[in-house]
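A short write-up of the structure that comes next.
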Amino acid sequence: LVEELKPEVVSFHFGLPENALLDRVKAAGAKVIASATIVREAIWLEEHGVDAVIVQGAEAGGHRGMFMTDDIARQPGLFALLPQVADAVRVPVIAAGGIADGRGIAAAFALGAAGVQVGTAYLRCPEARTSALVRMQLAQGTDEATMITNVMTGRPARGVANRLMREVGPVSADAPAFPHAASALGPLKAAAEQHGKTDFTNLWAGQAVRLGRDMPAAELTRALAGSAVAQLGRLVG
Ligand SMILES: Cc1cc2nc3c(=O)[nH]c(=O)nc-3n(C[C@H](O)[C@H](O)[C@H](O)COP(=O)(O)O)c2cc1C
């Protein structure tokens with residue numbers, strides 16, 4: 001697909017594919033980026049030829065990109081991790097996790113980022129394929145709403161707590177291996193959603209879920225960039 005579509009950037013999660021495959025991605029002309037959740041992973045990614053490292057802090061929504069550790073209790077937050085990675089690698093670093101407005105972007109740049117990756121803040125944009133049911137849950141999300149769980153897919157990911165996460169998780173040694181937990185939950189999820197319930201639905205979102213806004217993605221992007229520049233100006237001035 002990459003050879004056919006020739007995207008400008010290919011982003012990997014959970015480490016990198018084997019060298020022969022990675023070489024084909026690069027030969028297709030794509031820049032390669034990938035997530036690191038600890039300094040060791042960032043150094044490994046740089047040694048294996050990525051063009052930039054995404055530094056994913058514990059605040060981030062969705063799956064942890066971890067691949068040299070599975071200890072979620074020790075995953076650093078972005079404020080602590082970002083300057084340590086910026087010191088450890090020469091490639092540009094992209095900050096991810098809990099960034100949802102101009103203040104967060106300015107802080108990330110101050111901590112050594114060359115760019116930011118914003119996920120959760122876009123989930124309520126009309127372009128996102130977020131269902132109405134999930135939008136409602138995200139709109140009500142607070143700073144205390146999310147937890148990291150492995151019971152939804154078999155791998156640790158952060159989302160708004162639902163009944164399954166609360167009752168059999170948030171972390172369980174009995175969760176089927178990734179991605180089998182998700183397929184096993186499929187029928188329960190579908191049946192519950194018919195009754196307007198998200199008891200078994202992935203509500204992936206980060207700790208800044210409350211800062212998400214209901215506006216078109218292009219408008220949000222311009223607003224984020226504009227307010228980041230204003231914030232940086234205020235700090236310098
Ligand atoms: C709904 C959702 C789906 C995601 N899916 C992916 C994915 O498929 N691949 C990936 O590299 N990261 C994925 N992420 C993680 C983001 O790349 C990023 O680390 C995260 O969104 C940044 O933190 P934030 O959500 O607090 O902005 C996802 C995040 C969310 C919220």
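Chain labels A, B, ... are given in the sequence in which chains occur in the structure tokens; within each chain residues are numbered consecutively from 1, and ligands are likewise numbered from 1 in the order shown.
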Within 8 Å of ligand 1 (counting only C-alpha atoms and all ligand atoms), which residues show up? I'd like them as an mmCIF file with all heavy atoms, in the first residue's frame.
data_model
loop_
_atom_site.group_PDB
_atom_site.id
_atom_site.type_symbol
_atom_site.label_atom_id
_atom_site.label_comp_id
_atom_site.auth_asym_id
_atom_site.auth_seq_id
_atom_site.Cartn_x
_atom_site.Cartn_y
_atom_site.Cartn_z
ATOM 1 N N SER A 11 3.870 6.617 9.849
ATOM 2 C CA SER A 11 4.049 6.646 11.299
ATOM 3 C C SER A 11 3.794 5.267 11.886
ATOM 4 O O SER A 11 2.772 4.662 11.594
ATOM 5 C CB SER A 11 3.053 7.664 11.877
ATOM 6 O OG SER A 11 3.116 7.645 13.282
ATOM 7 N N PHE A 12 4.753 4.777 12.678
ATOM 8 C CA PHE A 12 4.603 3.450 13.299
ATOM 9 C C PHE A 12 4.356 3.563 14.800
ATOM 10 O O PHE A 12 4.832 4.484 15.455
ATOM 11 C CB PHE A 12 5.859 2.601 13.073
ATOM 12 C CG PHE A 12 6.031 2.173 11.639
ATOM 13 C CD1 PHE A 12 6.932 2.829 10.799
ATOM 14 C CD2 PHE A 12 5.293 1.120 11.124
ATOM 15 C CE1 PHE A 12 7.084 2.436 9.480
ATOM 16 C CE2 PHE A 12 5.437 0.716 9.804
ATOM 17 C CZ PHE A 12 6.339 1.388 8.982
ATOM 18 N N HIS A 13 3.576 2.614 15.303
ATOM 19 C CA HIS A 13 3.312 2.481 16.732
ATOM 20 C C HIS A 13 3.807 1.098 17.118
ATOM 21 O O HIS A 13 3.862 0.224 16.261
ATOM 22 C CB HIS A 13 1.790 2.561 16.926
ATOM 23 C CG HIS A 13 1.361 3.392 18.095
ATOM 24 N ND1 HIS A 13 1.835 4.639 18.357
ATOM 25 C CD2 HIS A 13 0.452 3.134 19.083
ATOM 26 C CE1 HIS A 13 1.243 5.120 19.449
ATOM 27 N NE2 HIS A 13 0.413 4.225 19.906
ATOM 28 N N ALA A 34 7.950 7.392 14.508
ATOM 29 C CA ALA A 34 7.418 6.339 15.361
ATOM 30 C C ALA A 34 7.401 6.815 16.808
ATOM 31 O O ALA A 34 8.166 7.704 17.184
ATOM 32 C CB ALA A 34 8.267 5.076 15.244
ATOM 33 N N SER A 35 6.514 6.208 17.592
ATOM 34 C CA SER A 35 6.333 6.631 18.988
ATOM 35 C C SER A 35 7.315 5.971 19.936
ATOM 36 O O SER A 35 7.638 4.782 19.796
ATOM 37 C CB SER A 35 4.922 6.280 19.468
ATOM 38 O OG SER A 35 3.962 6.935 18.684
ATOM 39 N N ILE A 54 8.285 10.466 17.889
ATOM 40 C CA ILE A 54 7.106 10.982 18.600
ATOM 41 C C ILE A 54 7.267 10.578 20.066
ATOM 42 O O ILE A 54 7.419 9.394 20.372
ATOM 43 C CB ILE A 54 5.807 10.352 18.059
ATOM 44 C CG1 ILE A 54 5.650 10.603 16.556
ATOM 45 C CG2 ILE A 54 4.599 10.881 18.834
ATOM 46 C CD1 ILE A 54 4.684 9.640 15.885
ATOM 47 N N GLN A 56 5.582 10.002 23.304
ATOM 48 C CA GLN A 56 4.207 9.818 23.788
ATOM 49 C C GLN A 56 4.203 9.728 25.314
ATOM 50 O O GLN A 56 4.682 8.758 25.891
ATOM 51 C CB GLN A 56 3.592 8.546 23.180
ATOM 52 C CG GLN A 56 2.102 8.412 23.484
ATOM 53 C CD GLN A 56 1.554 7.033 23.144
ATOM 54 O OE1 GLN A 56 2.227 6.017 23.344
ATOM 55 N NE2 GLN A 56 0.338 6.991 22.646
ATOM 56 N N GLY A 57 3.653 10.742 25.963
ATOM 57 C CA GLY A 57 3.567 10.755 27.419
ATOM 58 C C GLY A 57 2.384 9.928 27.907
ATOM 59 O O GLY A 57 1.485 9.576 27.138
ATOM 60 N N GLU A 59 -0.096 10.758 29.430
ATOM 61 C CA GLU A 59 -1.389 11.446 29.318
ATOM 62 C C GLU A 59 -2.158 11.062 28.060
ATOM 63 O O GLU A 59 -3.367 11.285 27.957
ATOM 64 C CB GLU A 59 -1.176 12.972 29.252
ATOM 65 C CG GLU A 59 -0.392 13.587 30.386
ATOM 66 C CD GLU A 59 1.109 13.649 30.097
ATOM 67 O OE1 GLU A 59 1.619 12.753 29.401
ATOM 68 O OE2 GLU A 59 1.749 14.587 30.578
ATOM 69 N N ALA A 60 -1.439 10.550 27.058
ATOM 70 C CA ALA A 60 -2.008 10.388 25.715
ATOM 71 C C ALA A 60 -3.199 9.442 25.662
ATOM 72 O O ALA A 60 -3.249 8.437 26.374
ATOM 73 C CB ALA A 60 -0.915 9.877 24.778
ATOM 74 N N GLY A 61 -4.122 9.750 24.761
ATOM 75 C CA GLY A 61 -5.252 8.861 24.494
ATOM 76 C C GLY A 61 -4.823 7.727 23.582
ATOM 77 O O GLY A 61 -3.870 7.858 22.828
ATOM 78 N N GLY A 62 -5.532 6.600 23.638
ATOM 79 C CA GLY A 62 -5.261 5.470 22.756
ATOM 80 C C GLY A 62 -4.153 4.561 23.282
ATOM 81 O O GLY A 62 -3.750 4.652 24.444
ATOM 82 N N HIS A 63 -3.655 3.696 22.380
ATOM 83 C CA HIS A 63 -2.660 2.700 22.794
ATOM 84 C C HIS A 63 -1.307 3.320 23.119
ATOM 85 O O HIS A 63 -0.874 4.262 22.462
ATOM 86 C CB HIS A 63 -2.481 1.655 21.687
ATOM 87 C CG HIS A 63 -3.620 0.696 21.620
ATOM 88 N ND1 HIS A 63 -4.684 0.854 20.768
ATOM 89 C CD2 HIS A 63 -3.883 -0.419 22.347
ATOM 90 C CE1 HIS A 63 -5.541 -0.127 20.961
ATOM 91 N NE2 HIS A 63 -5.096 -0.918 21.916
ATOM 92 N N ARG A 64 -0.646 2.777 24.130
ATOM 93 C CA ARG A 64 0.747 3.140 24.417
ATOM 94 C C ARG A 64 1.578 2.593 23.266
ATOM 95 O O ARG A 64 1.440 1.429 22.901
ATOM 96 C CB ARG A 64 1.287 2.473 25.709
ATOM 97 C CG ARG A 64 0.419 2.434 26.972
ATOM 98 C CD ARG A 64 0.120 3.725 27.555
ATOM 99 N NE ARG A 64 -0.951 4.387 26.807
ATOM 100 C CZ ARG A 64 -1.248 5.677 26.881
ATOM 101 N NH1 ARG A 64 -0.566 6.457 27.643
ATOM 102 N NH2 ARG A 64 -2.227 6.197 26.180
ATOM 103 N N GLY A 65 2.503 3.399 22.736
ATOM 104 C CA GLY A 65 3.356 2.900 21.653
ATOM 105 C C GLY A 65 4.524 2.068 22.174
ATOM 106 O O GLY A 65 5.465 1.789 21.456
ATOM 107 N N ALA A 96 3.558 14.298 22.136
ATOM 108 C CA ALA A 96 2.179 13.788 22.110
ATOM 109 C C ALA A 96 1.731 13.433 23.519
ATOM 110 O O ALA A 96 2.485 12.838 24.290
ATOM 111 C CB ALA A 96 2.094 12.550 21.211
ATOM 112 N N GLY A 97 0.495 13.806 23.832
ATOM 113 C CA GLY A 97 -0.075 13.425 25.120
ATOM 114 C C GLY A 97 -0.583 14.616 25.894
ATOM 115 O O GLY A 97 0.206 15.407 26.423
ATOM 116 N N GLY A 98 -1.891 14.772 25.929
ATOM 117 C CA GLY A 98 -2.503 15.814 26.752
ATOM 118 C C GLY A 98 -2.385 17.221 26.186
ATOM 119 O O GLY A 98 -2.711 18.193 26.866
ATOM 120 N N ILE A 99 -1.922 17.342 24.939
ATOM 121 C CA ILE A 99 -1.811 18.678 24.327
ATOM 122 C C ILE A 99 -3.118 18.961 23.590
ATOM 123 O O ILE A 99 -3.512 18.200 22.706
ATOM 124 C CB ILE A 99 -0.626 18.737 23.348
ATOM 125 C CG1 ILE A 99 0.686 18.439 24.087
ATOM 126 C CG2 ILE A 99 -0.572 20.101 22.650
ATOM 127 C CD1 ILE A 99 1.887 18.273 23.173
ATOM 128 N N ALA A 100 -3.802 20.029 23.973
ATOM 129 C CA ALA A 100 -5.112 20.278 23.364
ATOM 130 C C ALA A 100 -5.390 21.753 23.138
ATOM 131 O O ALA A 100 -6.479 22.113 22.688
ATOM 132 C CB ALA A 100 -6.216 19.675 24.256
ATOM 133 N N GLN A 117 1.814 16.381 18.266
ATOM 134 C CA GLN A 117 0.796 15.493 17.703
ATOM 135 C C GLN A 117 -0.400 15.557 18.639
ATOM 136 O O GLN A 117 -0.290 15.244 19.822
ATOM 137 C CB GLN A 117 1.352 14.069 17.631
ATOM 138 C CG GLN A 117 0.455 13.119 16.874
ATOM 139 C CD GLN A 117 1.057 11.719 16.849
ATOM 140 O OE1 GLN A 117 1.051 11.011 17.850
ATOM 141 N NE2 GLN A 117 1.588 11.327 15.723
ATOM 142 N N VAL A 118 -1.504 16.021 18.102
ATOM 143 C CA VAL A 118 -2.703 16.219 18.914
ATOM 144 C C VAL A 118 -3.767 15.220 18.454
ATOM 145 O O VAL A 118 -4.109 15.190 17.274
ATOM 146 C CB VAL A 118 -3.209 17.674 18.751
ATOM 147 C CG1 VAL A 118 -4.507 17.890 19.508
ATOM 148 C CG2 VAL A 118 -2.139 18.657 19.210
ATOM 149 N N GLY A 119 -4.258 14.396 19.355
ATOM 150 C CA GLY A 119 -5.236 13.373 18.987
ATOM 151 C C GLY A 119 -6.621 13.658 19.530
ATOM 152 O O GLY A 119 -7.551 14.018 18.805
ATOM 153 N N THR A 120 -6.739 13.538 20.845
ATOM 154 C CA THR A 120 -8.044 13.638 21.510
ATOM 155 C C THR A 120 -8.804 14.914 21.150
ATOM 156 O O THR A 120 -10.023 14.874 20.950
ATOM 157 C CB THR A 120 -7.828 13.574 23.037
ATOM 158 O OG1 THR A 120 -7.187 12.331 23.342
ATOM 159 C CG2 THR A 120 -9.131 13.675 23.793
ATOM 160 N N ALA A 121 -8.108 16.034 21.040
ATOM 161 C CA ALA A 121 -8.783 17.319 20.809
ATOM 162 C C ALA A 121 -9.568 17.335 19.497
ATOM 163 O O ALA A 121 -10.472 18.150 19.327
ATOM 164 C CB ALA A 121 -7.768 18.458 20.830
ATOM 165 N N LEU A 123 -11.298 14.657 18.268
ATOM 166 C CA LEU A 123 -12.292 13.576 18.176
ATOM 167 C C LEU A 123 -13.726 14.069 18.040
ATOM 168 O O LEU A 123 -14.600 13.336 17.606
ATOM 169 C CB LEU A 123 -12.184 12.653 19.404
ATOM 170 C CG LEU A 123 -10.910 11.818 19.479
ATOM 171 C CD1 LEU A 123 -10.860 11.034 20.788
ATOM 172 C CD2 LEU A 123 -10.819 10.876 18.294
ATOM 173 N N ARG A 158 -5.276 4.276 26.798
ATOM 174 C CA ARG A 158 -6.016 5.182 27.678
ATOM 175 C C ARG A 158 -7.347 5.578 27.059
ATOM 176 O O ARG A 158 -7.408 5.963 25.898
ATOM 177 C CB ARG A 158 -5.201 6.448 27.974
ATOM 178 C CG ARG A 158 -5.935 7.401 28.940
ATOM 179 C CD ARG A 158 -5.127 8.664 29.242
ATOM 180 N NE ARG A 158 -3.926 8.407 30.017
ATOM 181 C CZ ARG A 158 -3.918 8.159 31.328
ATOM 182 N NH1 ARG A 158 -5.056 8.137 32.016
ATOM 183 N NH2 ARG A 158 -2.769 7.940 31.942
ATOM 184 N N GLY A 159 -8.409 5.487 27.872
ATOM 185 C CA GLY A 159 -9.722 5.917 27.408
ATOM 186 C C GLY A 159 -10.615 6.278 28.580
ATOM 187 O O GLY A 159 -10.283 6.015 29.745
ATOM 188 N N LEU A 203 -13.512 4.029 24.295
ATOM 189 C CA LEU A 203 -13.709 5.485 24.387
ATOM 190 C C LEU A 203 -12.327 6.124 24.470
ATOM 191 O O LEU A 203 -12.044 6.946 25.342
ATOM 192 C CB LEU A 203 -14.544 5.823 25.629
ATOM 193 C CG LEU A 203 -15.946 5.194 25.696
ATOM 194 C CD1 LEU A 203 -16.547 5.361 27.089
ATOM 195 C CD2 LEU A 203 -16.858 5.815 24.645
ATOM 196 N N TRP A 204 -11.435 5.716 23.552
ATOM 197 C CA TRP A 204 -10.039 6.188 23.615
ATOM 198 C C TRP A 204 -9.986 7.714 23.676
ATOM 199 O O TRP A 204 -10.559 8.407 22.829
ATOM 200 C CB TRP A 204 -9.227 5.717 22.411
ATOM 201 C CG TRP A 204 -9.056 4.241 22.253
ATOM 202 C CD1 TRP A 204 -8.913 3.578 21.079
ATOM 203 C CD2 TRP A 204 -8.971 3.239 23.276
ATOM 204 N NE1 TRP A 204 -8.750 2.227 21.311
ATOM 205 C CE2 TRP A 204 -8.792 2.004 22.652
ATOM 206 C CE3 TRP A 204 -9.054 3.257 24.676
ATOM 207 C CZ2 TRP A 204 -8.678 0.806 23.356
ATOM 208 C CZ3 TRP A 204 -8.953 2.064 25.382
ATOM 209 C CH2 TRP A 204 -8.758 0.876 24.726
ATOM 210 N N ALA A 205 -9.300 8.221 24.671
ATOM 211 C CA ALA A 205 -9.143 9.668 24.856
ATOM 212 C C ALA A 205 -8.065 9.894 25.895
ATOM 213 O O ALA A 205 -7.837 9.049 26.769
ATOM 214 C CB ALA A 205 -10.450 10.293 25.324
ATOM 215 N N GLY A 206 -7.409 11.068 25.811
ATOM 216 C CA GLY A 206 -6.339 11.398 26.740
ATOM 217 C C GLY A 206 -6.843 12.216 27.920
ATOM 218 O O GLY A 206 -8.025 12.551 28.013
ATOM 219 N N GLN A 207 -5.902 12.550 28.801
ATOM 220 C CA GLN A 207 -6.276 13.228 30.047
ATOM 221 C C GLN A 207 -6.802 14.647 29.836
ATOM 222 O O GLN A 207 -7.392 15.225 30.739
ATOM 223 C CB GLN A 207 -5.076 13.245 31.003
ATOM 224 C CG GLN A 207 -4.752 11.862 31.540
ATOM 225 C CD GLN A 207 -3.576 11.856 32.494
ATOM 226 O OE1 GLN A 207 -2.662 12.663 32.351
ATOM 227 N NE2 GLN A 207 -3.585 10.943 33.442
ATOM 228 N N ALA A 208 -6.587 15.208 28.632
ATOM 229 C CA ALA A 208 -7.092 16.565 28.361
ATOM 230 C C ALA A 208 -8.417 16.503 27.595
ATOM 231 O O ALA A 208 -8.777 17.454 26.902
ATOM 232 C CB ALA A 208 -6.055 17.371 27.599
ATOM 233 N N VAL A 209 -9.156 15.414 27.743
ATOM 234 C CA VAL A 209 -10.392 15.231 26.962
ATOM 235 C C VAL A 209 -11.357 16.414 27.102
ATOM 236 O O VAL A 209 -12.051 16.790 26.161
ATOM 237 C CB VAL A 209 -11.076 13.880 27.340
ATOM 238 C CG1 VAL A 209 -11.457 13.816 28.795
ATOM 239 C CG2 VAL A 209 -12.279 13.604 26.451
#
Quick one: which range 68-134 of chain A residues come within 7 Å of range 213-220 of chain A, and what is the nearest atom pair for each with the distance in Å to one decimal, counting only C-alpha atoms, rows ordered by chain and ascending number, as JSON lines?
{"residue": "A:Ala121", "atom": "CA", "partner": "A:Arg213", "partner_atom": "CA", "distance": 6.4}
{"residue": "A:Tyr122", "atom": "CA", "partner": "A:Ala217", "partner_atom": "CA", "distance": 6.7}
{"residue": "A:Arg124", "atom": "CA", "partner": "A:Asp214", "partner_atom": "CA", "distance": 5.1}
{"residue": "A:Cys125", "atom": "CA", "partner": "A:Met215", "partner_atom": "CA", "distance": 5.1}
{"residue": "A:Pro126", "atom": "CA", "partner": "A:Pro216", "partner_atom": "CA", "distance": 5.8}
{"residue": "A:Glu127", "atom": "CA", "partner": "A:Ala217", "partner_atom": "CA", "distance": 6.8}
Counting only C-alpha atoms, what is within 9 Å of range 229-235 of chain A, bar same-chain residues fewer than 2 positions away, as a ChimeraX atom specification?
-> /A:102-103,105-107,109-110,224-227,237
How many Å lie between CA of Arg163 in chain A and CA of Met66 in chain A, rounded to one decimal?
->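 Straight-line distance from CA of Arg163 in chain A to CA of Met66 in chain A works out to 25.5 Å.
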Give me, please, the distance in Å between CA of Glu193 in chain A and CA of Val134 in chain A, quoted to one decimal.
->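 It comes out at 9.9 Å.
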What separation in Å, quoted to one decimal, exists between CA of Val89 in chain A and CA of Asp71 in chain A?
->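 Pair CA of Val89 in chain A / CA of Asp71 in chain A returns 22.6 Å.
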What lies within 12 Å of Gly154 in chain A using only C-alpha atoms, ignoring chain neighbours under 6 positions off, as an MDAnalysis selection string?
-> chainID A and resid 63:64 70 148 165 169:185
Hey, which of A:Val236, A:Lys31, A:Pro7, A:Arg135 ends up closest to Thr201 in chain A? Count only C-alpha atoms.
->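 Residue with the minimum atom-to-atom distance to Thr201 in chain A: A:Arg135.
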